[in-house]
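A.B. asks: Below you will find the structure I want to go over with you.
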Amino acid sequence: MVEITKKAKGYGLLSRRREELMGIAMLWVMLFHAYAFHFQVAALDTVKELGFSGVDGFFLLSGVGLYGSIVRRESEPFSAYFARRCARVLPAYWLVVGIYSLWLRAQGRISLKTALWSLSTFHYWFHIPGSFNWYIPALLLFYLLAPFWVRLLRRSRCKGLLTILAFPAAYGLYRLSIPVGLNYMSDFLDRVPAFALGLLAGCCISEGTPLTRKHAAAWAAGAAAGAVTAFLLARGVLYISTCYIAAAFVMPLCLFFAKTLDVLHWEPLCRILRFFGTYSLEIYLLNVVVTREFETLAPWFDRDGRHAAYYLTVYALNLLLAYLLHNGIEKILRPKVRALLRKA
């Protein structure tokens with residue numbers, strides 16, 4: 001496997017700058033989640049509205065990290081691999097969702113059954129009303145699929161074609177899900193291409209594949225196809241989830257930002273982005289709560305018609321709690337959960 005050093009180039013920059021890129025994705029998602037706030041500047045509001053694409057960035061970068069981790073531990077049993085991934089996400093998830101569900105239950109807004117469904121992470125797959133967010137259940141399924149996908153990529157002679165096929169395959173599964181009433185899984189299915197792209201990038205890094213002009217042209221062509229699709233969608237010529245358009249742009253954007261950060265090498269900015277990337281899981285979980293509870297929290301923190309003061313205040317608390325949550329779990333909960341999962 002190719003070692004990623006400070007002189008990393010091309011696809012290697014995705015690994016070297018992964019935390020900073022996760023930070024950019026997290027900031028974009030937070031901006032998107034500030035539903036009640038608007039810049040009142042058309043270009044900035046468009047960027048805000050496209051913030052859902054940050055989740056595509058998360059899944060791409062997760063794929064990059066997973067590929068390298070799986071290849072480095074080839075002899076590791078699947079159970080140990082999955083336990084390690086669960087130990088990273090479940091303690092924070094259980095703590096945030098558990099406390100939030102208790103609060104909702106005390107208000108009579110959800111039943112105990114709904115709270116237990118949320119804690120199980122199966123709520124998304126069974127479409128339980130009033131349950132928590134979809135992201136962690138989707139991420140856990142990607143964790144389950146990743147080792148098999150990595151094996152396919154390593155054996156394939158046409159890795160690019162295999163990855164491209166993820167686009168029609170995901171869309172085909174979505175279309176098939178409609179008549180059987182499973183189209184509520186679209187959030188997961190729509191992100192399959194982004195995750196596949198991340199695993200491909202991880203494969204390129206692992207095998208030392210250079211980012212050639214041919215590759216750059218292919219990514220540019222994909223972005224152009226995404227732009228044409230967006231134009232046709234806006235004109236009502238076709239209907240397709242905007243997540244597929246985001247997936248067409250996510251690799252070029254990640255490569256662009258990684259290269260820009262490497263060229264600028266402005267450490268204060270990188271340090272800020274690394275903060276958001278390091279604590280992205282905890283920030284996201286708490287941000288979901290903040291987003292869902294606007295009506296509850298607004299009387300306490302809202303001070304202006306544009307809601308800027310509200311989001312500045314609650315997002316500052318969001319970051320503080322995420323920092324405390326992450327470090328508390330790292331020191332106390334995560335080692336114990338990892339030990340329990342290994343025994344199981």
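Labels for the structure tokens follow display order: chains A, B, ..., residues from 1 in each chain, ligands from 1.
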Skipping near chain neighbours, those fewer than 4 positions away, what residues fall within 9 Å of range 257-272 of chain A using only C-alpha atoms, listed as a PyMOL selection string?

C.D. replies: chain A and resi 9-10+13-14+16-21+23-24+252-253+276-277

A.B. asks: Could you take the residues named above and write them with N, CA, C and O atoms, as a PDB file, in the first residue's frame?

C.D. replies:
```pdb
ATOM      1  N   LYS A   9       0.261  13.706  -3.688  1.00  0.00           N
ATOM      2  CA  LYS A   9      -0.310  14.431  -4.809  1.00  0.00           C
ATOM      3  C   LYS A   9      -1.535  13.686  -5.311  1.00  0.00           C
ATOM      4  O   LYS A   9      -1.786  12.548  -4.935  1.00  0.00           O
ATOM      5  N   GLY A  10      -2.284  14.336  -6.207  1.00  0.00           N
ATOM      6  CA  GLY A  10      -3.419  13.682  -6.832  1.00  0.00           C
ATOM      7  C   GLY A  10      -4.405  13.137  -5.832  1.00  0.00           C
ATOM      8  O   GLY A  10      -4.825  13.813  -4.887  1.00  0.00           O
ATOM      9  N   LEU A  13      -4.024  13.373  -1.960  1.00  0.00           N
ATOM     10  CA  LEU A  13      -4.426  14.566  -1.215  1.00  0.00           C
ATOM     11  C   LEU A  13      -5.764  14.355  -0.509  1.00  0.00           C
ATOM     12  O   LEU A  13      -6.026  14.982   0.518  1.00  0.00           O
ATOM     13  N   LEU A  14      -6.609  13.482  -1.058  1.00  0.00           N
ATOM     14  CA  LEU A  14      -7.899  13.206  -0.422  1.00  0.00           C
ATOM     15  C   LEU A  14      -7.691  12.548   0.931  1.00  0.00           C
ATOM     16  O   LEU A  14      -8.478  12.766   1.863  1.00  0.00           O
ATOM     17  N   ARG A  16      -4.649  12.785   2.675  1.00  0.00           N
ATOM     18  CA  ARG A  16      -3.879  13.709   3.500  1.00  0.00           C
ATOM     19  C   ARG A  16      -4.738  14.829   4.055  1.00  0.00           C
ATOM     20  O   ARG A  16      -4.581  15.262   5.198  1.00  0.00           O
ATOM     21  N   ARG A  17      -5.671  15.328   3.267  1.00  0.00           N
ATOM     22  CA  ARG A  17      -6.528  16.443   3.670  1.00  0.00           C
ATOM     23  C   ARG A  17      -7.933  15.985   4.053  1.00  0.00           C
ATOM     24  O   ARG A  17      -8.868  16.782   4.064  1.00  0.00           O
ATOM     25  N   ARG A  18      -8.063  14.720   4.411  1.00  0.00           N
ATOM     26  CA  ARG A  18      -9.394  14.152   4.664  1.00  0.00           C
ATOM     27  C   ARG A  18     -10.118  14.866   5.800  1.00  0.00           C
ATOM     28  O   ARG A  18     -11.315  15.151   5.695  1.00  0.00           O
ATOM     29  N   GLU A  19      -9.426  15.137   6.899  1.00  0.00           N
ATOM     30  CA  GLU A  19     -10.085  15.797   8.031  1.00  0.00           C
ATOM     31  C   GLU A  19     -10.561  17.194   7.657  1.00  0.00           C
ATOM     32  O   GLU A  19     -11.663  17.609   8.029  1.00  0.00           O
ATOM     33  N   GLU A  20      -9.732  17.937   6.919  1.00  0.00           N
ATOM     34  CA  GLU A  20     -10.136  19.280   6.502  1.00  0.00           C
ATOM     35  C   GLU A  20     -11.334  19.226   5.561  1.00  0.00           C
ATOM     36  O   GLU A  20     -12.255  20.041   5.660  1.00  0.00           O
ATOM     37  N   LEU A  21     -11.319  18.237   4.652  1.00  0.00           N
ATOM     38  CA  LEU A  21     -12.440  18.093   3.716  1.00  0.00           C
ATOM     39  C   LEU A  21     -13.718  17.704   4.454  1.00  0.00           C
ATOM     40  O   LEU A  21     -14.814  18.169   4.111  1.00  0.00           O
ATOM     41  N   GLY A  23     -14.351  18.646   7.395  1.00  0.00           N
ATOM     42  CA  GLY A  23     -14.745  19.901   8.028  1.00  0.00           C
ATOM     43  C   GLY A  23     -15.535  20.788   7.085  1.00  0.00           C
ATOM     44  O   GLY A  23     -16.542  21.394   7.480  1.00  0.00           O
ATOM     45  N   ILE A  24     -15.081  20.882   5.828  1.00  0.00           N
ATOM     46  CA  ILE A  24     -15.816  21.672   4.831  1.00  0.00           C
ATOM     47  C   ILE A  24     -17.212  21.087   4.630  1.00  0.00           C
ATOM     48  O   ILE A  24     -18.212  21.824   4.578  1.00  0.00           O
ATOM     49  N   PRO A 252     -14.741  15.963  -8.187  1.00  0.00           N
ATOM     50  CA  PRO A 252     -13.992  17.155  -8.601  1.00  0.00           C
ATOM     51  C   PRO A 252     -13.890  18.212  -7.505  1.00  0.00           C
ATOM     52  O   PRO A 252     -12.850  18.841  -7.332  1.00  0.00           O
ATOM     53  N   LEU A 253     -14.978  18.403  -6.749  1.00  0.00           N
ATOM     54  CA  LEU A 253     -14.959  19.396  -5.675  1.00  0.00           C
ATOM     55  C   LEU A 253     -13.971  19.004  -4.576  1.00  0.00           C
ATOM     56  O   LEU A 253     -13.210  19.845  -4.084  1.00  0.00           O
ATOM     57  N   PHE A 276     -13.693  20.838  12.797  1.00  0.00           N
ATOM     58  CA  PHE A 276     -15.018  20.431  12.317  1.00  0.00           C
ATOM     59  C   PHE A 276     -14.983  18.997  11.791  1.00  0.00           C
ATOM     60  O   PHE A 276     -15.963  18.253  11.928  1.00  0.00           O
ATOM     61  N   GLY A 277     -13.869  18.602  11.167  1.00  0.00           N
ATOM     62  CA  GLY A 277     -13.754  17.243  10.656  1.00  0.00           C
ATOM     63  C   GLY A 277     -13.603  16.217  11.752  1.00  0.00           C
ATOM     64  O   GLY A 277     -14.249  15.163  11.732  1.00  0.00           O
TER      65      GLY A 277
END
```

A.B. asks: Which residue gives the smallest distance to Ala224 in chain A among A:Pro129, A:Ile99, A:Ala248, A:Ala80, with only C-alpha atoms counted?

C.D. replies: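 For Ala224 in chain A, the nearest of the candidates is A:Ala248.
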
A.B. asks: From the list A:Asn318, A:Phe82, A:Arg154, A:Ala170, which residue is nearest Glu207 in chain A when using only C-alpha atoms?

C.D. replies: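 Closest candidate: A:Arg154.
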
A.B. asks: How many Å separate CA of Tyr124 in chain A from CA of Pro137 in chain A?

C.D. replies: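 Atom-to-atom, CA of Tyr124 in chain A to CA of Pro137 in chain A, that is 6.6 Å.
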
A.B. asks: Rank nothing, just name the residue among A:Thr242, A:Ser156, A:Thr163, A:Asn327 nearest to Ala196 in chain A, using only C-alpha atoms.

C.D. replies: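 Looking at the shortest contact to Ala196 in chain A, the residue is A:Thr163.
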
A.B. asks: Let me make sure I understand: among A:Phe231, A:Leu321, A:Trp134, A:Trp94, which one has the smallest atom-to-atom distance to Ala115 in chain A if we use only C-alpha atoms?

C.D. replies: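 For Ala115 in chain A, the nearest of the candidates is A:Trp94.
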
A.B. asks: Point out the residue among A:Ile240, A:Leu140, A:Ala309, A:Ala247 with the least atom-to-atom distance to Tyr174 in chain A, counting only C-alpha atoms.

C.D. replies: A:Ile240

A.B. asks: Using DSSP on the backbone coordinates, identify the residues of range 25-231 of chain A assigned to alpha helix (DSSP H); present them as number ranges by chain.

C.D. replies: A: 25-33, 42-49, 53-72, 78-106, 112-120, 135-155, 159-164, 166-177, 186-189, 192-207, 213-231

A.B. asks: Need the shell around Tyr67 in chain A: protein/DNA/RNA residues with any atom at most 9 Å away, counting only C-alpha atoms. Skip same-chain ones fewer than 3 positions apart. Format as a VMD selection string?

C.D. replies: chain A and resid 62 to 64 70 to 72 146 to 147 150 198 to 203 206

A.B. asks: Just write the chosen residues, all heavy atoms, as a compact mmCIF listing (two decimals), in the first residue's frame.

C.D. replies:
```
# COMPACT_ATOMS: atom_id res chain seq x y z
N SER A 62 -15.74 8.91 3.63
CA SER A 62 -15.84 7.67 4.41
C SER A 62 -15.35 6.49 3.59
O SER A 62 -14.64 5.61 4.09
CB SER A 62 -17.29 7.43 4.85
OG SER A 62 -17.71 8.40 5.77
N GLY A 63 -15.71 6.47 2.30
CA GLY A 63 -15.25 5.42 1.41
C GLY A 63 -13.74 5.42 1.26
O GLY A 63 -13.10 4.35 1.26
N VAL A 64 -13.15 6.61 1.15
CA VAL A 64 -11.69 6.73 1.06
C VAL A 64 -11.03 6.10 2.29
O VAL A 64 -10.10 5.30 2.19
CB VAL A 64 -11.27 8.20 0.92
CG1 VAL A 64 -9.75 8.36 1.06
CG2 VAL A 64 -11.73 8.78 -0.42
N ILE A 70 -9.51 -1.20 5.45
CA ILE A 70 -9.78 -2.60 5.15
C ILE A 70 -8.55 -3.28 4.54
O ILE A 70 -8.20 -4.41 4.90
CB ILE A 70 -11.00 -2.72 4.21
CG1 ILE A 70 -12.28 -2.33 4.96
CG2 ILE A 70 -11.13 -4.14 3.64
CD1 ILE A 70 -13.48 -2.12 4.06
N VAL A 71 -7.88 -2.59 3.63
CA VAL A 71 -6.69 -3.17 2.99
C VAL A 71 -5.55 -3.34 3.98
O VAL A 71 -4.82 -4.33 3.94
CB VAL A 71 -6.26 -2.28 1.80
CG1 VAL A 71 -4.90 -2.72 1.26
CG2 VAL A 71 -7.29 -2.35 0.68
N ARG A 72 -5.41 -2.39 4.90
CA ARG A 72 -4.34 -2.49 5.89
C ARG A 72 -4.56 -3.65 6.86
O ARG A 72 -3.62 -4.16 7.44
CB ARG A 72 -4.23 -1.18 6.69
CG ARG A 72 -3.56 -0.05 5.96
CD ARG A 72 -3.18 1.07 6.91
NE ARG A 72 -4.33 1.64 7.60
CZ ARG A 72 -5.07 2.64 7.14
NH1 ARG A 72 -4.79 3.17 5.95
NH2 ARG A 72 -6.08 3.10 7.83
N ALA A 146 -19.01 -2.37 2.61
CA ALA A 146 -17.68 -1.93 2.17
C ALA A 146 -16.69 -3.08 1.92
O ALA A 146 -16.02 -3.09 0.88
CB ALA A 146 -17.11 -0.92 3.16
N PRO A 147 -16.53 -4.05 2.84
CA PRO A 147 -15.54 -5.11 2.59
C PRO A 147 -15.80 -5.90 1.30
O PRO A 147 -14.86 -6.27 0.59
CB PRO A 147 -15.67 -6.02 3.82
CG PRO A 147 -16.22 -5.13 4.89
CD PRO A 147 -17.15 -4.20 4.17
N VAL A 150 -14.92 -3.60 -1.65
CA VAL A 150 -13.46 -3.50 -1.76
C VAL A 150 -12.92 -4.74 -2.47
O VAL A 150 -12.05 -4.65 -3.35
CB VAL A 150 -12.81 -3.34 -0.37
CG1 VAL A 150 -11.30 -3.55 -0.44
CG2 VAL A 150 -13.13 -1.95 0.18
N GLY A 198 -15.94 7.15 -3.44
CA GLY A 198 -14.97 7.19 -2.35
C GLY A 198 -14.13 5.93 -2.29
O GLY A 198 -12.90 6.00 -2.10
N LEU A 199 -14.76 4.77 -2.46
CA LEU A 199 -14.01 3.51 -2.47
C LEU A 199 -13.07 3.45 -3.67
O LEU A 199 -11.94 2.94 -3.56
CB LEU A 199 -14.98 2.33 -2.48
CG LEU A 199 -15.77 2.10 -1.19
CD1 LEU A 199 -16.78 0.98 -1.39
CD2 LEU A 199 -14.86 1.78 -0.02
N LEU A 200 -13.50 3.97 -4.80
CA LEU A 200 -12.63 4.02 -5.98
C LEU A 200 -11.41 4.90 -5.71
O LEU A 200 -10.28 4.53 -6.04
CB LEU A 200 -13.39 4.54 -7.19
CG LEU A 200 -12.56 4.72 -8.48
CD1 LEU A 200 -12.04 3.37 -8.97
CD2 LEU A 200 -13.37 5.41 -9.56
N ALA A 201 -11.65 6.06 -5.10
CA ALA A 201 -10.54 6.95 -4.76
C ALA A 201 -9.59 6.28 -3.78
O ALA A 201 -8.36 6.38 -3.90
CB ALA A 201 -11.07 8.26 -4.17
N GLY A 202 -10.16 5.56 -2.79
CA GLY A 202 -9.33 4.82 -1.85
C GLY A 202 -8.49 3.76 -2.54
O GLY A 202 -7.32 3.55 -2.19
N CYS A 203 -9.08 3.12 -3.54
CA CYS A 203 -8.36 2.12 -4.32
C CYS A 203 -7.21 2.77 -5.10
O CYS A 203 -6.09 2.24 -5.14
CB CYS A 203 -9.32 1.43 -5.28
SG CYS A 203 -8.58 0.14 -6.29
N SER A 206 -4.48 3.50 -2.65
CA SER A 206 -3.82 2.28 -2.21
C SER A 206 -2.87 1.72 -3.27
O SER A 206 -1.78 1.24 -2.96
CB SER A 206 -4.88 1.23 -1.86
OG SER A 206 -4.30 0.01 -1.49
```

A.B. asks: Go through range 117-176 of chain A and flag each residue having an atom no more than 12 Å from range 282-300 of chain A; for those, report the closest pair of atoms plus their distance in Å to one decimal, using only C-alpha atoms, ordered by chain and rising number, as CSV.

C.D. replies:
```
residue,atom,partner,partner_atom,distance
A:Gly130,CA,A:Arg292,CA,11.1
A:Ser131,CA,A:Arg292,CA,11.5
A:Phe132,CA,A:Val288,CA,8.6
A:Asn133,CA,A:Val288,CA,7.3
A:Trp134,CA,A:Val288,CA,10.3
A:Tyr135,CA,A:Leu285,CA,9.1
A:Ile136,CA,A:Leu285,CA,9.1
```

A.B. asks: Find the residue from A:Ala308, A:Leu324, A:Cys243, A:Leu197 that sits nearest to Tyr11 in chain A; use only C-alpha atoms when measuring.

C.D. replies: A:Leu197
